[in-house]
Structure formats: structure tokens, C-alpha cells
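S.K.: I am sharing structure-v8.tsv, which consists of TSV, C-alpha atoms and all ligand atoms:
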```
chain	number	residue	atom	x	y	z
A	96	MET	CA	74.88	171.84	117.98
A	97	ARG	CA	76.66	173.26	114.94
A	98	LYS	CA	78.88	170.22	114.81
A	99	LYS	CA	75.78	168.02	114.71
A	100	VAL	CA	74.34	169.99	111.80
A	101	VAL	CA	77.63	169.77	109.89
A	102	LEU	CA	77.75	166.05	110.62
A	103	ALA	CA	74.16	165.59	109.44
A	104	ILE	CA	74.89	167.48	106.20
A	105	ALA	CA	78.04	165.42	105.66
A	106	CYS	CA	76.07	162.21	106.18
A	107	CYS	CA	73.43	163.32	103.67
A	108	ALA	CA	76.11	164.17	101.13
A	109	VAL	CA	77.66	160.73	101.51
A	110	LEU	CA	74.24	159.06	101.15
A	111	VAL	CA	73.47	161.01	97.97
A	112	LEU	CA	76.88	160.08	96.57
A	113	VAL	CA	76.42	156.39	97.36
A	114	ALA	CA	72.92	156.39	95.85
A	115	GLY	CA	74.30	158.10	92.74
A	116	ILE	CA	77.03	155.50	92.32
A	117	ALA	CA	74.52	152.68	92.86
A	118	LEU	CA	72.21	154.18	90.21
A	119	SER	CA	74.93	154.59	87.60
A	120	ALA	CA	76.14	151.06	88.33
A	121	GLU	CA	72.56	149.92	87.74
A	122	SER	CA	72.30	151.64	84.36
A	123	VAL	CA	75.67	150.21	83.30
A	124	LYS	CA	74.41	146.82	84.35
A	125	TYR	CA	71.40	147.20	82.08
A	126	ALA	CA	73.34	148.63	79.16
A	127	ILE	CA	72.37	146.95	75.92
A	128	HIS	CA	74.52	147.35	72.86
A	129	TYR	CA	73.14	148.37	69.48
A	130	PRO	CA	72.67	145.09	67.56
A	131	ALA	CA	74.96	145.93	64.64
A	132	GLY	CA	74.22	143.86	61.52
A	133	TYR	CA	70.84	142.56	62.73
A	134	ARG	CA	69.31	143.08	59.25
A	135	THR	CA	71.37	140.14	58.00
A	136	TRP	CA	70.19	137.83	60.83
A	137	ALA	CA	67.35	135.34	60.49
A	138	HIS	CA	63.98	137.00	59.99
A	139	VAL	CA	61.58	135.17	62.30
A	140	LYS	CA	58.24	136.86	61.63
A	141	SER	CA	56.41	140.13	60.91
A	142	MET	CA	53.16	141.56	62.22
A	143	VAL	CA	51.04	144.67	61.67
A	144	ILE	CA	49.38	146.12	64.79
A	145	GLN	CA	46.50	148.39	63.89
A	146	GLN	CA	44.34	150.85	65.76
A	147	GLY	CA	41.98	149.03	68.13
A	148	HIS	CA	44.58	146.42	69.17
A	149	PRO	CA	45.36	146.60	72.92
A	150	LEU	CA	49.07	147.17	72.22
A	151	TYR	CA	48.49	149.86	69.56
A	152	GLU	CA	49.64	152.76	71.77
A	153	THR	CA	53.11	151.28	72.22
A	154	PHE	CA	53.58	148.86	69.36
A	155	GLY	CA	51.28	150.21	66.65
A	156	GLY	CA	52.81	149.84	63.17
A	157	ILE	CA	54.64	147.05	61.39
A	158	HIS	CA	57.30	145.06	63.19
A	159	HIS	CA	59.82	142.44	62.14
A	160	ILE	CA	61.51	140.05	64.54
A	161	TYR	CA	65.11	138.95	63.98
A	162	ALA	CA	67.24	136.37	65.82
A	163	ASN	CA	71.01	135.96	65.75
A	164	SER	CA	72.33	132.43	65.15
A	165	LYS	CA	72.51	131.46	68.85
A	166	ALA	CA	68.96	132.65	69.48
A	167	LEU	CA	67.63	131.00	66.31
A	168	GLU	CA	69.01	127.61	67.32
A	169	ALA	CA	67.29	127.82	70.72
A	170	MET	CA	64.06	129.08	69.18
A	171	LYS	CA	63.98	126.15	66.76
A	172	THR	CA	64.79	123.47	69.32
A	173	GLY	CA	62.90	124.94	72.28
A	174	ALA	CA	66.08	124.89	74.41
A	175	LEU	CA	66.86	127.63	76.91
A	176	TYR	CA	68.48	130.56	75.12
A	177	PRO	CA	72.26	130.50	75.69
A	178	ASP	CA	74.27	133.57	76.70
A	179	GLY	CA	74.96	135.71	73.65
A	180	SER	CA	71.48	135.16	72.14
A	181	ILE	CA	70.02	138.39	70.75
A	182	LEU	CA	66.45	139.04	69.59
A	183	VAL	CA	65.39	142.23	67.82
A	184	PHE	CA	61.91	143.73	67.45
A	185	ASP	CA	62.19	146.28	64.64
A	186	LEU	CA	59.15	148.61	64.81
A	187	LEU	CA	58.30	150.82	61.84
A	188	GLU	CA	55.29	152.96	61.04
A	189	ALA	CA	52.75	151.24	58.81
A	190	LYS	CA	51.46	153.23	55.83
A	191	THR	CA	48.23	152.15	54.17
A	192	GLU	CA	47.93	153.27	50.55
A	193	ASN	CA	46.20	151.75	47.54
A	194	ASN	CA	44.99	148.81	49.64
A	195	ALA	CA	48.57	147.95	50.53
A	196	VAL	CA	50.42	148.24	53.85
A	197	THR	CA	54.04	149.36	53.52
A	198	GLU	CA	56.86	150.34	55.86
A	199	GLY	CA	57.22	153.93	57.02
A	200	PRO	CA	60.01	155.44	59.14
A	201	ARG	CA	61.42	153.45	62.06
A	202	LYS	CA	59.75	154.12	65.44
A	203	MET	CA	61.90	152.05	67.73
A	204	LEU	CA	64.34	149.15	67.75
A	205	TYR	CA	63.74	146.89	70.75
A	206	VAL	CA	66.43	144.43	71.80
A	207	MET	CA	66.64	141.43	74.14
A	208	GLN	CA	70.13	140.15	74.92
A	209	LYS	CA	70.75	137.02	77.00
A	210	SER	CA	73.36	137.03	79.74
A	211	ALA	CA	72.05	134.84	82.55
A	212	ILE	CA	74.13	136.21	85.40
A	213	LYS	CA	74.38	139.86	84.34
A	214	PHE	CA	70.63	140.20	83.85
A	215	ALA	CA	69.49	137.73	86.54
A	216	VAL	CA	66.80	140.13	87.87
A	217	THR	CA	65.00	140.14	84.52
A	218	GLY	CA	65.06	136.43	83.76
A	219	GLY	CA	68.58	136.48	82.33
A	220	TRP	CA	67.57	138.87	79.54
A	221	GLY	CA	68.76	142.44	79.15
A	222	PHE	CA	66.09	144.65	77.53
A	223	GLY	CA	66.79	147.89	75.70
A	224	GLY	CA	65.52	150.22	73.01
A	225	PHE	CA	66.93	152.59	70.39
A	226	LYS	CA	64.64	155.37	69.24
A	227	ASP	CA	64.08	156.12	65.51
A	228	ASP	CA	67.19	155.37	63.51
A	229	SER	CA	69.52	156.53	66.26
A	230	LYS	CA	71.98	154.24	67.92
A	231	ASP	CA	71.50	156.05	71.23
A	232	ARG	CA	69.99	153.95	73.94
A	233	SER	CA	66.48	154.99	74.91
A	234	ASP	CA	65.88	155.79	78.56
A	235	ILE	CA	63.64	152.92	79.67
A	236	ASP	CA	63.47	150.92	82.86
A	237	PRO	CA	63.61	147.34	81.59
A	238	ARG	CA	61.96	145.93	84.68
A	239	THR	CA	58.78	147.98	84.45
A	240	ALA	CA	58.70	148.81	80.74
A	241	CYS	CA	59.61	145.37	79.39
A	242	PHE	CA	59.97	142.54	81.86
A	243	ALA	CA	56.60	143.19	83.49
A	244	CYS	CA	55.08	141.94	80.24
A	245	HIS	CA	57.63	139.35	79.10
A	246	GLU	CA	57.52	137.72	82.53
A	247	GLU	CA	54.25	136.02	81.58
A	248	ARG	CA	56.23	133.95	79.04
A	249	LYS	CA	58.42	132.38	81.73
A	250	GLN	CA	57.72	128.85	80.43
A	251	ASN	CA	59.16	129.93	77.06
A	252	ASP	CA	62.28	131.60	78.53
A	253	PHE	CA	60.46	134.99	78.50
A	254	VAL	CA	60.17	134.99	74.69
A	255	PHE	CA	56.79	135.37	72.93
A	256	THR	CA	57.77	134.27	69.44
A	257	ASN	CA	58.22	130.71	68.26
A	258	TYR	CA	59.82	129.68	64.98
A	259	ARG	CA	57.58	128.11	62.38
E	301	LIG	C1	52.55	145.00	76.76
E	301	LIG	C2	53.42	143.87	76.69
E	301	LIG	C3	54.85	144.06	76.24
E	301	LIG	C4	55.76	144.96	76.70
E	301	LIG	C5	55.56	146.03	77.75
E	301	LIG	C6	56.99	144.69	75.99
E	301	LIG	N1	56.83	143.65	75.12
E	301	LIG	FE1	58.24	142.86	73.91
E	301	LIG	N2	56.84	141.66	73.07
E	301	LIG	C7	55.51	141.59	73.44
E	301	LIG	C8	54.79	140.66	72.56
E	301	LIG	C9	53.32	140.29	72.64
E	301	LIG	C10	55.75	140.20	71.63
E	301	LIG	C11	55.49	139.24	70.45
E	301	LIG	C12	55.17	140.06	69.23
E	301	LIG	C13	54.84	139.20	68.02
E	301	LIG	O1	54.25	138.13	68.18
E	301	LIG	O2	55.15	139.63	66.89
E	301	LIG	C14	57.02	140.82	72.01
E	301	LIG	C15	58.22	140.55	71.37
E	301	LIG	C16	59.42	141.13	71.70
E	301	LIG	C17	60.70	140.77	71.11
E	301	LIG	C18	60.93	139.62	70.13
E	301	LIG	C19	61.15	138.34	70.94
E	301	LIG	C20	59.88	137.79	71.56
E	301	LIG	O3	59.76	137.78	72.80
E	301	LIG	O4	58.98	137.39	70.79
E	301	LIG	C21	61.64	141.61	71.64
E	301	LIG	C22	63.12	141.64	71.30
E	301	LIG	C23	60.96	142.47	72.58
E	301	LIG	N3	59.60	142.14	72.61
E	301	LIG	C24	61.58	143.45	73.34
E	301	LIG	C25	60.92	144.26	74.25
E	301	LIG	C26	61.56	145.33	74.99
E	301	LIG	C27	63.02	145.74	74.88
E	301	LIG	C28	60.59	145.90	75.76
E	301	LIG	C29	60.70	147.10	76.68
E	301	LIG	C30	61.09	148.33	76.09
E	301	LIG	C31	59.35	145.16	75.53
E	301	LIG	N4	59.60	144.17	74.62
E	301	LIG	C32	58.16	145.42	76.16
E	301	LIG	C33	54.93	142.25	74.49
E	301	LIG	C34	55.52	143.25	75.23
```
Give the structure from the file, written as C-alpha cells.

M.R.:
Amino acid sequence: MRKKVVLAIACCAVLVLVAGIALSAESVKYAIHYPAGYRTWAHVKSMVIQQGHPLYETFGGIHHIYANSKALEAMKTGALYPDGSILVFDLLEAKTENNAVTEGPRKMLYVMQKSAIKFAVTGGWGFGGFKDDSKDRSDIDPRTACFACHEERKQNDFVFTNYR
């Protein structure tokens, strides 16, 4: 009897260990790097999301979208984004003063990074976020927090923005 209990505990311990390893492998798999130098990339567009907009809770403020050279090429030609493409959604608070809307502090830096095989479960895109001005990755599940929405843009390689 005692042996059985010990065996059962040992089995549980092994299961917990395996699950732990699988989870950390998963987060490594989804690791997105801080997009160093993105402010010098092509600026694609800007938008102000105000109170009353359905996305205000999450994306309220002013945001700018940037594309690195690989992503820009695909965006312009409508081709599938090649591996190495990076898109940035730079979200700042919007301050309204004197009938003008200006940038406030940064709220979040959202990143999409293409690597077709590595991120196959989320359409070939890795999704990540960096809170405020920190370069520390924010703890978000890309599948539920990002892909659930971007999935509707499947016909455009999961990207909302087009180049004009
Ligand atoms: C509720 C829907 C929704 C969710 C959830 C969402 N996005 Fe988006 N995302 C959008 C929309 C809409 C745009 C286009 C915004 C515009 O037109 O300026 C966009 C644009 C972007 C862009 C610029 C490229 C593009 O597709 O136009 C990036 C990068 C991005 N999102 C990253 C993320 C990341 C990372 C997450 C998860 C943390 C996320 N998004 C979650 C709706 C969403």
C-alpha cells in the first residue's frame, strides 16, 4: 500500500516536471525580441482611438504603425510577409489640449514578428508586447490576446494595415 502511495506521488512529481518543461518551452517559443531601432523604420500610419470606440479599453490613445524593410516590401506589393518581417504598433496616451491632440507617455509597444515555422500555430506570426517604455516582455498569451483578433485578417496574412 505504502509503495503504491510513494509510486503515485513520484508519478505526480514527474508529471508536474514535464508540464513545467513544456510550459517554459512554450514561452521560449513565443519569445519576441524588443524591436530595437524601430523608430527609424518606415512609418505606415497613425490613428487616434477615443472613448466610445469599441477598442478603447485596450487600444485607447494614439498609435503609430511601423514596418521594417522586409515587412514594408510585402505590405506594398501584397505578397505574403517573408520571415524576418516585423510590424510595430506603438501605443501612446493621447492628450487633448487647446483643440490639439498630442502624444502622452507610452502605454504599450505591440510587436508582430514573422517566422513561419516557429510561429505556425498563430499564422506564422509571433505576437508580443512591451509595457510602458520598458524592454521587458509583457506577460500575454498571444493566441488568446492577439491572434484571436488578427485571425480575421487571414486573407491579408493576418495584418490589418495596408500601405497607401
Ligand atoms: C480586438 C482586436 C485586436 C486584438 C485583440 C489585437 N489587435 Fe493588433 N490590431 C488590431 C487592429 C484593428 C489593428 C489595425 C489598427 C489600425 O488600423 O491602425 C491592429 C494592428 C496591429 C499591428 C500593426 C500591423 C497590423 O496588423 O495592422 C500590430 C503589430 C499588432 N496589431 C499587434 C498586436 C498584438 C501583439 C496583440 C496582442 C497583444 C494584438 N495586436 C491584439 C486589432 C487587434

S.K.: So that I can see what lies close to stretch 185-193 of chain A, please list as number ranges by chain the residues with an atom at most 9 Å from it, counting all atoms listed in the file and leaving out residues fewer than 2 positions away in the same chain.

M.R.: A: 143-145, 154-161, 183, 195-206, 227

S.K.: Enumerate residues in contact with ligand LIG 301 (chain E): an atom-to-atom distance of at most 9 Å, counting all atoms listed in the file. Format the result as a short mmCIF file (atom, residue, chain, number, x, y, z; two decimals) with C-alpha atoms, in the frame of the given file.

M.R.:
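The resulting file, selection-v3.cif, is reproduced below:
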```cif
data_model
loop_
_atom_site.label_atom_id
_atom_site.label_comp_id
_atom_site.auth_asym_id
_atom_site.auth_seq_id
_atom_site.Cartn_x
_atom_site.Cartn_y
_atom_site.Cartn_z
CA LYS A 140 58.24 136.86 61.63
CA SER A 141 56.41 140.13 60.91
CA MET A 142 53.16 141.56 62.22
CA VAL A 143 51.04 144.67 61.67
CA ILE A 144 49.38 146.12 64.79
CA PRO A 149 45.36 146.60 72.92
CA LEU A 150 49.07 147.17 72.22
CA THR A 153 53.11 151.28 72.22
CA PHE A 154 53.58 148.86 69.36
CA HIS A 158 57.30 145.06 63.19
CA HIS A 159 59.82 142.44 62.14
CA ILE A 160 61.51 140.05 64.54
CA TYR A 161 65.11 138.95 63.98
CA ALA A 162 67.24 136.37 65.82
CA ILE A 181 70.02 138.39 70.75
CA LEU A 182 66.45 139.04 69.59
CA VAL A 183 65.39 142.23 67.82
CA PHE A 184 61.91 143.73 67.45
CA ASP A 185 62.19 146.28 64.64
CA LEU A 204 64.34 149.15 67.75
CA TYR A 205 63.74 146.89 70.75
CA VAL A 206 66.43 144.43 71.80
CA MET A 207 66.64 141.43 74.14
CA GLN A 208 70.13 140.15 74.92
CA GLY A 221 68.76 142.44 79.15
CA PHE A 222 66.09 144.65 77.53
CA GLY A 223 66.79 147.89 75.70
CA GLY A 224 65.52 150.22 73.01
CA SER A 233 66.48 154.99 74.91
CA ILE A 235 63.64 152.92 79.67
CA ASP A 236 63.47 150.92 82.86
CA PRO A 237 63.61 147.34 81.59
CA ARG A 238 61.96 145.93 84.68
CA THR A 239 58.78 147.98 84.45
CA ALA A 240 58.70 148.81 80.74
CA CYS A 241 59.61 145.37 79.39
CA PHE A 242 59.97 142.54 81.86
CA ALA A 243 56.60 143.19 83.49
CA CYS A 244 55.08 141.94 80.24
CA HIS A 245 57.63 139.35 79.10
CA ARG A 248 56.23 133.95 79.04
CA ASN A 251 59.16 129.93 77.06
CA ASP A 252 62.28 131.60 78.53
CA PHE A 253 60.46 134.99 78.50
CA VAL A 254 60.17 134.99 74.69
CA PHE A 255 56.79 135.37 72.93
CA THR A 256 57.77 134.27 69.44
CA ASN A 257 58.22 130.71 68.26
#
```

S.K.: What's the separation between atom CA of A:Ala174 and atom CA of A:Phe225, in Å to one decimal place?

M.R.: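 Interatomic distance, atom CA of A:Ala174 to atom CA of A:Phe225: 28.0 Å.
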
S.K.: One decimal, Å: what's the distance from atom CA of A:Gly179 over to atom CA of A:Ala166, could you say?

M.R.: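 Computed distance, atom CA of A:Gly179 to atom CA of A:Ala166, equals 7.9 Å.
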
S.K.: From the set A:Asp231, A:Lys209, A:Glu247, A:Asn194, which residue has the shortest atom-to-atom contact distance to A:Tyr176, counting only C-alpha atoms?

M.R.: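 Between A:Asp231, A:Lys209, A:Glu247, A:Asn194, the residue approaching A:Tyr176 most closely is A:Lys209.
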
S.K.: For the atom pair atom CA of A:Ser229 and atom CA of A:Ala126, what is the interatomic distance in Å to one decimal place?

M.R.: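 That distance, rounded to one decimal, is 15.6 Å.
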
S.K.: Which residues, written as a list in words, have at least one atom at most 9 Å from A:Gly219, with all atoms listed in the file counted and residues fewer than 4 positions away on the same chain left out?

M.R.: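 In the requested form, the answer reads Asp178, Gln208, Lys209, Ser210, Ala211, Ile212, Lys213, Phe214, Ala215 and Asp252 of chain A.
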
S.K.: Just C-alpha atoms for this one: save the residues we selected as an mmCIF file, keeping the file's coordinate frame.

M.R.:
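New file out_10.cif:
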```
data_model
loop_
_atom_site.group_PDB
_atom_site.id
_atom_site.type_symbol
_atom_site.label_atom_id
_atom_site.label_comp_id
_atom_site.auth_asym_id
_atom_site.auth_seq_id
_atom_site.Cartn_x
_atom_site.Cartn_y
_atom_site.Cartn_z
ATOM 1 C CA ASP A 178 74.270 133.570 76.700
ATOM 2 C CA GLN A 208 70.130 140.150 74.920
ATOM 3 C CA LYS A 209 70.750 137.020 77.000
ATOM 4 C CA SER A 210 73.360 137.030 79.740
ATOM 5 C CA ALA A 211 72.050 134.840 82.550
ATOM 6 C CA ILE A 212 74.130 136.210 85.400
ATOM 7 C CA LYS A 213 74.380 139.860 84.340
ATOM 8 C CA PHE A 214 70.630 140.200 83.850
ATOM 9 C CA ALA A 215 69.490 137.730 86.540
ATOM 10 C CA ASP A 252 62.280 131.600 78.530
#
```

S.K.: Could you complete stretch 148-174 of chain A so that it carries N, CA and C atoms, and give it back as a PDB file, in the coordinates of the input?

M.R.:
```
ATOM      1  N   HIS A 148      43.858 147.512  68.481  1.00  0.00           N
ATOM      2  CA  HIS A 148      44.580 146.420  69.170  1.00  0.00           C
ATOM      3  C   HIS A 148      45.026 146.948  70.529  1.00  0.00           C
ATOM      4  N   PRO A 149      44.975 146.103  71.590  1.00  0.00           N
ATOM      5  CA  PRO A 149      45.360 146.600  72.920  1.00  0.00           C
ATOM      6  C   PRO A 149      46.791 147.131  73.024  1.00  0.00           C
ATOM      7  N   LEU A 150      47.685 146.693  72.134  1.00  0.00           N
ATOM      8  CA  LEU A 150      49.070 147.170  72.220  1.00  0.00           C
ATOM      9  C   LEU A 150      49.361 148.310  71.227  1.00  0.00           C
ATOM     10  N   TYR A 151      48.278 148.855  70.607  1.00  0.00           N
ATOM     11  CA  TYR A 151      48.490 149.860  69.560  1.00  0.00           C
ATOM     12  C   TYR A 151      49.293 151.076  70.043  1.00  0.00           C
ATOM     13  N   GLU A 152      48.970 151.566  71.250  1.00  0.00           N
ATOM     14  CA  GLU A 152      49.640 152.760  71.770  1.00  0.00           C
ATOM     15  C   GLU A 152      51.158 152.626  71.713  1.00  0.00           C
ATOM     16  N   THR A 153      51.659 151.486  72.158  1.00  0.00           N
ATOM     17  CA  THR A 153      53.110 151.280  72.220  1.00  0.00           C
ATOM     18  C   THR A 153      53.660 150.650  70.954  1.00  0.00           C
ATOM     19  N   PHE A 154      52.983 149.649  70.443  1.00  0.00           N
ATOM     20  CA  PHE A 154      53.580 148.860  69.360  1.00  0.00           C
ATOM     21  C   PHE A 154      52.841 148.988  68.030  1.00  0.00           C
ATOM     22  N   GLY A 155      52.008 150.031  67.907  1.00  0.00           N
ATOM     23  CA  GLY A 155      51.280 150.210  66.650  1.00  0.00           C
ATOM     24  C   GLY A 155      52.248 150.391  65.490  1.00  0.00           C
ATOM     25  N   GLY A 156      51.940 149.753  64.336  1.00  0.00           N
ATOM     26  CA  GLY A 156      52.810 149.840  63.170  1.00  0.00           C
ATOM     27  C   GLY A 156      53.139 148.450  62.664  1.00  0.00           C
ATOM     28  N   ILE A 157      54.216 148.362  61.898  1.00  0.00           N
ATOM     29  CA  ILE A 157      54.640 147.050  61.390  1.00  0.00           C
ATOM     30  C   ILE A 157      55.947 146.680  62.086  1.00  0.00           C
ATOM     31  N   HIS A 158      56.017 145.446  62.592  1.00  0.00           N
ATOM     32  CA  HIS A 158      57.300 145.060  63.190  1.00  0.00           C
ATOM     33  C   HIS A 158      57.814 143.741  62.623  1.00  0.00           C
ATOM     34  N   HIS A 159      59.139 143.646  62.602  1.00  0.00           N
ATOM     35  CA  HIS A 159      59.820 142.440  62.140  1.00  0.00           C
ATOM     36  C   HIS A 159      60.658 141.929  63.304  1.00  0.00           C
ATOM     37  N   ILE A 160      60.688 140.614  63.466  1.00  0.00           N
ATOM     38  CA  ILE A 160      61.510 140.050  64.540  1.00  0.00           C
ATOM     39  C   ILE A 160      62.695 139.298  63.930  1.00  0.00           C
ATOM     40  N   TYR A 161      63.870 139.574  64.459  1.00  0.00           N
ATOM     41  CA  TYR A 161      65.110 138.950  63.980  1.00  0.00           C
ATOM     42  C   TYR A 161      65.781 138.211  65.141  1.00  0.00           C
ATOM     43  N   ALA A 162      66.502 137.125  64.799  1.00  0.00           N
ATOM     44  CA  ALA A 162      67.240 136.370  65.820  1.00  0.00           C
ATOM     45  C   ALA A 162      68.662 136.140  65.307  1.00  0.00           C
ATOM     46  N   ASN A 163      69.652 136.303  66.178  1.00  0.00           N
ATOM     47  CA  ASN A 163      71.010 135.960  65.750  1.00  0.00           C
ATOM     48  C   ASN A 163      71.129 134.425  65.785  1.00  0.00           C
ATOM     49  N   SER A 164      72.270 133.883  65.357  1.00  0.00           N
ATOM     50  CA  SER A 164      72.330 132.430  65.150  1.00  0.00           C
ATOM     51  C   SER A 164      72.140 131.646  66.448  1.00  0.00           C
ATOM     52  N   LYS A 165      72.686 132.152  67.555  1.00  0.00           N
ATOM     53  CA  LYS A 165      72.510 131.460  68.850  1.00  0.00           C
ATOM     54  C   LYS A 165      71.042 131.417  69.252  1.00  0.00           C
ATOM     55  N   ALA A 166      70.371 132.563  69.087  1.00  0.00           N
ATOM     56  CA  ALA A 166      68.960 132.650  69.480  1.00  0.00           C
ATOM     57  C   ALA A 166      68.109 131.776  68.563  1.00  0.00           C
ATOM     58  N   LEU A 167      68.425 131.752  67.282  1.00  0.00           N
ATOM     59  CA  LEU A 167      67.630 131.000  66.310  1.00  0.00           C
ATOM     60  C   LEU A 167      67.662 129.507  66.638  1.00  0.00           C
ATOM     61  N   GLU A 168      68.844 129.021  66.976  1.00  0.00           N
ATOM     62  CA  GLU A 168      69.010 127.610  67.320  1.00  0.00           C
ATOM     63  C   GLU A 168      68.094 127.234  68.487  1.00  0.00           C
ATOM     64  N   ALA A 169      68.111 128.081  69.537  1.00  0.00           N
ATOM     65  CA  ALA A 169      67.290 127.820  70.720  1.00  0.00           C
ATOM     66  C   ALA A 169      65.802 127.917  70.377  1.00  0.00           C
ATOM     67  N   MET A 170      65.464 128.884  69.545  1.00  0.00           N
ATOM     68  CA  MET A 170      64.060 129.080  69.180  1.00  0.00           C
ATOM     69  C   MET A 170      63.536 127.876  68.406  1.00  0.00           C
ATOM     70  N   LYS A 171      64.401 127.302  67.571  1.00  0.00           N
ATOM     71  CA  LYS A 171      63.980 126.150  66.760  1.00  0.00           C
ATOM     72  C   LYS A 171      63.860 124.884  67.586  1.00  0.00           C
ATOM     73  N   THR A 172      64.771 124.721  68.566  1.00  0.00           N
ATOM     74  CA  THR A 172      64.790 123.470  69.320  1.00  0.00           C
ATOM     75  C   THR A 172      63.993 123.550  70.618  1.00  0.00           C
ATOM     76  N   GLY A 173      63.656 124.772  71.033  1.00  0.00           N
ATOM     77  CA  GLY A 173      62.900 124.940  72.280  1.00  0.00           C
ATOM     78  C   GLY A 173      63.809 124.868  73.511  1.00  0.00           C
ATOM     79  N   ALA A 174      65.128 124.903  73.291  1.00  0.00           N
ATOM     80  CA  ALA A 174      66.080 124.890  74.410  1.00  0.00           C
ATOM     81  C   ALA A 174      66.099 126.262  75.076  1.00  0.00           C
TER      82      ALA A 174
END
```
